[in-house]
$ cat start_36.cif   # mmCIF, C-alpha atoms (C1' of nucleotides)
data_protein
loop_
_atom_site.label_atom_id
_atom_site.label_comp_id
_atom_site.auth_asym_id
_atom_site.auth_seq_id
_atom_site.Cartn_x
_atom_site.Cartn_y
_atom_site.Cartn_z
CA MET D 18 1.34 29.08 16.38
CA ASP D 19 5.00 29.81 15.81
CA GLU D 20 5.48 30.72 12.18
CA GLY D 21 9.23 30.06 12.44
CA LEU D 22 8.46 26.38 12.40
CA ARG D 23 7.66 26.62 8.72
CA SER D 24 11.35 27.10 8.03
CA LEU D 25 11.66 23.38 8.62
CA THR D 26 10.49 22.89 5.07
CA ASP D 27 13.52 24.66 3.68
CA LEU D 28 16.14 22.61 5.44
CA ASP D 29 19.03 21.91 3.09
CA ARG D 30 18.16 18.50 1.67
CA VAL D 31 21.73 17.78 0.66
CA ILE D 32 22.82 17.98 4.28
CA HIS D 33 19.58 16.67 5.75
CA GLU D 34 20.02 13.17 4.36
CA PRO D 35 21.36 11.19 7.34
CA ALA D 36 24.16 9.42 5.49
CA ARG D 37 25.43 12.73 4.16
CA LEU D 38 24.98 14.48 7.48
CA LEU D 39 27.20 11.78 8.92
CA ILE D 40 29.82 12.19 6.21
CA VAL D 41 29.86 15.95 6.54
CA THR D 42 30.04 15.76 10.32
CA ILE D 43 33.05 13.49 10.12
CA LEU D 44 34.72 15.69 7.52
CA SER D 45 34.16 18.70 9.77
CA THR D 46 36.44 17.14 12.37
CA VAL D 47 39.40 16.31 10.14
CA GLU D 48 41.51 18.16 7.64
CA SER D 49 40.70 15.53 5.04
CA ALA D 50 39.73 11.88 4.81
CA ASP D 51 40.17 9.14 2.26
CA PHE D 52 37.39 6.97 0.85
CA LEU D 53 38.14 3.86 2.88
CA PHE D 54 38.43 5.79 6.11
CA LEU D 55 34.99 7.28 5.48
CA GLN D 56 33.63 3.88 4.62
CA ARG D 57 34.89 2.42 7.90
CA GLU D 58 33.61 5.34 9.94
CA THR D 59 30.19 5.54 8.34
CA GLY D 60 29.53 1.86 7.76
CA LEU D 61 28.11 2.67 4.35
CA THR D 62 28.59 0.39 1.36
CA LYS D 63 31.10 1.57 -1.21
CA GLY D 64 28.40 2.22 -3.78
CA ASN D 65 26.32 4.22 -1.39
CA LEU D 66 29.28 6.22 -0.11
CA SER D 67 30.42 6.92 -3.65
CA ALA D 68 26.98 8.21 -4.63
CA HIS D 69 26.70 10.46 -1.58
CA LEU D 70 30.17 11.88 -2.10
CA THR D 71 29.34 12.63 -5.72
CA LYS D 72 26.24 14.44 -4.57
CA LEU D 73 28.15 16.44 -1.97
CA GLU D 74 30.73 17.31 -4.59
CA GLY D 75 27.98 18.39 -6.97
CA ALA D 76 26.63 20.73 -4.30
CA GLY D 77 30.12 22.18 -3.86
CA TYR D 78 30.23 20.99 -0.26
CA VAL D 79 33.06 18.49 -0.62
CA GLU D 80 36.17 18.57 -2.74
CA ILE D 81 37.28 15.22 -4.08
CA THR D 82 40.81 14.55 -5.22
CA LYS D 83 41.75 11.29 -6.89
CA THR D 84 45.35 10.29 -6.49
CA PHE D 85 47.42 7.19 -5.75
CA LYS D 86 48.95 5.61 -2.70
CA GLY D 87 51.76 3.63 -4.26
CA LYS D 88 49.94 1.99 -7.12
CA LEU D 89 46.48 1.87 -5.62
CA PRO D 90 43.79 4.52 -6.13
CA LEU D 91 43.29 6.92 -3.26
CA THR D 92 40.32 9.27 -3.08
CA ILE D 93 40.74 12.20 -0.73
CA CYS D 94 37.71 14.11 0.51
CA LYS D 95 37.72 17.51 2.11
CA LEU D 96 34.91 19.73 3.30
CA THR D 97 34.88 23.01 1.38
CA LYS D 98 34.24 26.39 2.95
CA PRO D 99 30.66 26.50 1.55
CA GLY D 100 30.25 22.96 2.83
CA LEU D 101 31.26 23.98 6.33
CA LYS D 102 28.99 26.98 6.16
CA ALA D 103 26.04 24.86 5.05
CA PHE D 104 26.78 22.40 7.83
CA ASN D 105 26.86 25.15 10.44
CA SER D 106 23.66 26.73 9.17
CA TYR D 107 21.96 23.39 9.22
CA ARG D 108 23.00 22.74 12.81
CA GLN D 109 21.89 26.18 13.83
CA GLN D 110 18.49 25.59 12.27
CA LEU D 111 18.19 22.31 14.11
CA ALA D 112 19.27 23.91 17.35
CA LYS D 113 16.57 26.54 17.00
CA PHE D 114 14.00 23.83 16.37
CA ILE D 115 15.12 21.88 19.43
CA ASP D 116 15.01 25.06 21.45
CA LYS D 117 11.51 26.01 20.34
CA THR D 118 10.03 22.60 20.87
CA GLY D 119 11.72 22.46 24.25
CA MET B 18 36.03 9.37 16.17
CA ASP B 19 32.75 9.29 18.04
CA GLU B 20 30.97 6.09 17.15
CA GLY B 21 27.67 7.51 18.42
CA LEU B 22 27.50 9.60 15.28
CA ARG B 23 26.63 6.51 13.30
CA SER B 24 23.22 6.52 14.94
CA LEU B 25 22.41 9.34 12.56
CA THR B 26 21.76 6.72 9.93
CA ASP B 27 18.90 5.25 11.91
CA LEU B 28 16.95 8.43 12.39
CA ASP B 29 13.25 7.72 11.96
CA ARG B 30 12.63 8.57 8.31
CA VAL B 31 8.92 9.05 8.83
CA ILE B 32 9.60 11.89 11.24
CA HIS B 33 12.76 13.09 9.55
CA GLU B 34 10.98 14.33 6.43
CA PRO B 35 10.69 18.11 6.99
CA ALA B 36 7.03 18.41 6.00
CA ARG B 37 6.09 15.62 8.38
CA LEU B 38 8.32 16.93 11.15
CA LEU B 39 6.42 20.18 10.81
CA ILE B 40 3.04 18.44 10.93
CA VAL B 41 4.01 16.36 13.93
CA THR B 42 5.44 19.36 15.73
CA ILE B 43 2.21 21.28 15.26
CA LEU B 44 0.13 18.31 16.37
CA SER B 45 2.27 18.00 19.49
CA THR B 46 1.08 21.43 20.60
CA VAL B 47 -2.66 20.89 20.20
CA GLU B 48 -5.17 18.29 21.27
CA SER B 49 -6.21 17.79 17.67
CA ALA B 50 -6.30 19.69 14.41
CA ASP B 51 -8.39 19.57 11.28
CA PHE B 52 -7.10 19.29 7.75
CA LEU B 53 -7.55 22.90 6.75
CA PHE B 54 -5.97 24.19 9.92
CA LEU B 55 -2.92 22.05 9.20
CA GLN B 56 -2.87 23.25 5.63
CA ARG B 57 -2.87 26.89 6.69
CA GLU B 58 -0.22 26.34 9.34
CA THR B 59 2.12 24.27 7.18
CA GLY B 60 1.62 26.00 3.86
CA LEU B 61 1.56 22.62 2.15
CA THR B 62 -0.68 21.91 -0.83
CA LYS B 63 -3.72 19.76 -0.10
CA GLY B 64 -2.34 16.85 -2.09
CA ASN B 65 0.97 16.97 -0.33
CA LEU B 66 -0.60 17.30 3.10
CA SER B 67 -2.98 14.44 2.40
CA ALA B 68 -0.12 12.17 1.36
CA HIS B 69 1.97 13.00 4.43
CA LEU B 70 -0.97 12.46 6.76
CA THR B 71 -1.64 9.10 5.16
CA LYS B 72 1.97 8.17 5.73
CA LEU B 73 1.88 9.28 9.35
CA GLU B 74 -1.31 7.33 9.84
CA GLY B 75 0.30 4.27 8.26
CA ALA B 76 3.16 4.53 10.74
CA GLY B 77 0.64 4.72 13.57
CA TYR B 78 1.84 8.19 14.52
CA VAL B 79 -1.35 10.07 13.73
CA GLU B 80 -4.96 9.08 14.10
CA ILE B 81 -7.28 10.40 11.42
CA THR B 82 -11.00 10.70 11.92
CA LYS B 83 -13.29 11.65 9.08
CA THR B 84 -16.46 13.34 10.12
CA PHE B 85 -18.66 16.25 9.06
CA LYS B 86 -19.05 19.84 10.05
CA GLY B 87 -22.63 20.48 9.02
CA LYS B 88 -22.64 18.92 5.58
CA LEU B 89 -18.98 19.44 4.74
CA PRO B 90 -16.28 16.85 5.29
CA LEU B 91 -14.04 17.42 8.27
CA THR B 92 -10.83 15.51 8.81
CA ILE B 93 -9.52 15.54 12.35
CA CYS B 94 -5.89 14.64 13.04
CA LYS B 95 -4.44 13.72 16.40
CA LEU B 96 -0.96 12.66 17.40
CA THR B 97 -1.03 9.16 18.89
CA LYS B 98 0.98 8.10 21.92
CA PRO B 99 3.50 6.21 19.73
CA GLY B 100 3.62 9.29 17.54
CA LEU B 101 4.48 11.51 20.47
CA LYS B 102 7.06 9.03 21.64
CA ALA B 103 8.67 8.88 18.20
CA PHE B 104 8.68 12.66 18.05
CA ASN B 105 10.36 12.94 21.44
CA SER B 106 12.96 10.32 20.60
CA TYR B 107 13.71 12.06 17.36
CA ARG B 108 14.22 15.40 19.10
CA GLN B 109 16.41 13.79 21.71
CA GLN B 110 18.54 12.23 19.00
CA LEU B 111 18.89 15.59 17.31
CA ALA B 112 19.72 17.27 20.59
CA LYS B 113 22.50 14.78 21.18
CA PHE B 114 23.85 15.43 17.74
CA ILE B 115 23.80 19.18 18.27
CA ASP B 116 25.48 18.70 21.60
CA LYS B 117 28.24 16.50 20.25
CA THR B 118 29.02 18.67 17.29
CA GLY B 119 28.95 21.68 19.58
"C1'" DT X 19 52.32 -17.86 -18.67
"C1'" DT X 20 47.50 -17.85 -17.43
"C1'" DA X 21 44.23 -17.86 -13.68
"C1'" DT X 22 42.62 -16.24 -9.48
"C1'" DT X 23 41.96 -13.18 -5.94
"C1'" DA X 24 42.12 -8.61 -3.83
"C1'" DT X 25 41.82 -3.49 -3.91
"C1'" DG X 26 39.44 0.80 -4.60
"C1'" DG X 27 36.20 2.41 -6.19
"C1'" DT X 28 31.84 3.52 -10.09
"C1'" DT X 29 27.70 2.31 -12.59
"C1'" DT X 30 23.33 0.17 -12.95
"C1'" DG X 31 18.73 -1.47 -11.60
"C1'" DT X 32 15.00 -0.99 -8.67
"C1'" DA X 33 11.82 0.22 -5.29
"C1'" DG X 34 10.12 4.06 -3.03
"C1'" DC X 35 9.50 9.09 -2.21
"C1'" DG X 36 7.89 14.04 -2.46
"C1'" DC X 37 5.47 17.08 -5.05
"C1'" DA X 38 1.69 19.53 -7.55
"C1'" DA X 39 -1.73 18.94 -11.13
"C1'" DA X 40 -5.68 16.66 -12.03
"C1'" DC X 41 -9.49 14.52 -10.34
"C1'" DT X 42 -13.67 13.12 -7.16
"C1'" DA X 43 -17.76 13.74 -4.38
"C1'" DG X 44 -20.74 16.53 -2.53
"C1'" DT X 45 -22.75 21.48 -1.74
"C1'" DT X 46 -24.13 25.92 -2.62
"C1'" DT X 47 -25.24 29.66 -5.76
"C1'" DG X 48 -27.20 31.81 -10.03
"C1'" DC O 23 -30.53 23.21 -14.86
"C1'" DA O 24 -25.29 24.64 -14.86
"C1'" DA O 25 -21.45 26.77 -12.76
"C1'" DA O 26 -18.58 27.39 -9.00
"C1'" DC O 27 -16.98 26.29 -4.45
"C1'" DT O 28 -15.37 22.99 -0.56
"C1'" DA O 29 -12.65 19.37 1.27
"C1'" DG O 30 -10.03 16.45 0.33
"C1'" DT O 31 -7.67 12.02 -2.72
"C1'" DT O 32 -5.41 10.03 -6.64
"C1'" DT O 33 -2.28 10.16 -10.41
"C1'" DG O 34 1.91 11.02 -12.97
"C1'" DC O 35 6.49 12.28 -12.94
"C1'" DG O 36 11.11 13.23 -11.84
"C1'" DC O 37 14.24 12.30 -8.37
"C1'" DT O 38 16.50 9.55 -4.59
"C1'" DA O 39 18.77 6.06 -1.67
"C1'" DC O 40 20.40 1.74 -1.72
"C1'" DA O 41 23.03 -2.53 -2.77
"C1'" DA O 42 24.30 -5.64 -6.41
"C1'" DA O 43 26.88 -5.91 -10.23
"C1'" DC O 44 30.53 -4.25 -12.56
"C1'" DC O 45 35.35 -2.26 -13.89
"C1'" DA O 46 40.36 -1.38 -13.90
"C1'" DT O 47 44.45 -2.37 -11.89
"C1'" DA O 48 47.58 -5.02 -8.92
"C1'" DA O 49 49.27 -8.82 -6.35
"C1'" DT O 50 49.42 -13.87 -5.84
"C1'" DA O 51 49.02 -18.80 -7.26
"C1'" DA O 52 49.46 -22.67 -10.33
#
$ encode --input "start_36.cif" --output "structure tokens"
Amino acid sequence: MDEGLRSLTDLDRVIHEPARLLIVTILSTVESADFLFLQRETGLTKGNLSAHLTKLEGAGYVEITKTFKGKLPLTICKLTKPGLKAFNSYRQQLAKFIDKTG
Amino acid sequence: MDEGLRSLTDLDRVIHEPARLLIVTILSTVESADFLFLQRETGLTKGNLSAHLTKLEGAGYVEITKTFKGKLPLTICKLTKPGLKAFNSYRQQLAKFIDKTG
DNA sequence: TTATTATGGTTTGTAGCGCAAACTAGTTTG
DNA sequence: CAAACTAGTTTGCGCTACAAACCATAATAA
């Protein structure tokens, strides 16, 4: 039995959560994105999106900047370098798994 | 933006949990496996393994047969056809994701 | 002016989850 | 008999994801 499979159990849970994987994937394709853009793209509720972003920020994977567009709040999200690294590692781990299980 | 990414949010959560993905992956390579074999291979605690197996059984992904080896209990686990199908779909979904995010 | 509605989020409440410690039932050993 | 081992299951707890409810501000209506 392939012992490398056991590494599945140390997948990064912050990234592994599907909603966050989606968020991070989107952020990896743009320089930055605002809250409402992410909400439209992900289809998440505001509350859910807010919670996931807070979690990603807590992990240091996303940088969140609160500003204003005219007089309305505007929350800008940007993948950090550690966030990108974690994302890439995660994908690589998945790719290995896919490869092994053919 | 690729709308197919949104399908990430409907990944099968039963399979998506790393410990269970590991269990299912192992079971996909053998005809059947007993509890202690799975425990050795996965490195999970008995309690944890038991709970995950119960969950997999509840989803109809694993069939669990309790018998005896001599006078000692012996729990045999076997991936069901739906379980294999779910596993394959899950891998395919992951593969697509890996592909898309290059 | 005072309501009312809309915008852009955050906080709260709840059900469910993963985990290991504690427990159970039976068996063997001293 | 008691103690220790085997093969698991159940319990207790802290954490999580989710949407409903909420909040602050701004625009619009009466």
$ atom_distance --input "start_36.cif" --atom1 "CA of Gln56 in chain B" --atom2 "CA of Ala112 in chain B"
27.7 Å
$ atom_distance --input "start_36.cif" --atom1 "CA of Ile32 in chain B" --atom2 "CA of Lys113 in chain B"
16.5 Å
$ resolve_selection --input "start_36.cif" --expression "the PyMOL selection byres ((chain B) within 10 of (chain X))" --output "ChimeraX atom specification"
/B:34,36,61-65,68-69,88-90
$ residues_near_point --input "start_36.cif" --point "(-7.1, 20.4, 11.5)" --cutoff "9 Å" --atoms "only C-alpha atoms (C1' of nucleotides)" --output "MDAnalysis selection string"
chainID B and resid 44 49:56 91:95
$ write_last_selection --input "start_36.cif" --atoms "C-alpha atoms" --output "compact mmCIF listing (two decimals), in the coordinates of the input"
# COMPACT_ATOMS: atom_id res chain seq x y z
CA LEU B 44 0.13 18.31 16.37
CA SER B 49 -6.21 17.79 17.67
CA ALA B 50 -6.30 19.69 14.41
CA ASP B 51 -8.39 19.57 11.28
CA PHE B 52 -7.10 19.29 7.75
CA LEU B 53 -7.55 22.90 6.75
CA PHE B 54 -5.97 24.19 9.92
CA LEU B 55 -2.92 22.05 9.20
CA GLN B 56 -2.87 23.25 5.63
CA LEU B 91 -14.04 17.42 8.27
CA THR B 92 -10.83 15.51 8.81
CA ILE B 93 -9.52 15.54 12.35
CA CYS B 94 -5.89 14.64 13.04
CA LYS B 95 -4.44 13.72 16.40
$ interface_residues --input "start_36.cif" --of "chain O" --to "chain D" --cutoff "9 Å" --atoms "all atoms listed in the file" --output "PyMOL selection string"
chain O and resi 39-41+47-48
$ interface_residues --input "start_36.cif" --of "chain B" --to "chain D" --cutoff "8 Å" --atoms "all atoms listed in the file" --output "ChimeraX atom specification"
/B:18,20,22-23,25-28,35-36,38-39,42-43,58-60,108,111-112,115,118
$ atom_distance --input "start_36.cif" --atom1 "CA of Thr82 in chain D" --atom2 "C1' of DC45 in chain O"
19.7 Å
$ axis_aligned_box --input "start_36.cif" --around "range 56-66 of chain B" --padding-each-side "4 Å" --output "lines of an AutoDock Vina configuration file"
center_x = -0.8
center_y = 21.9
center_z = 3.6
size_x = 13.8
size_y = 18.0
size_z = 19.4
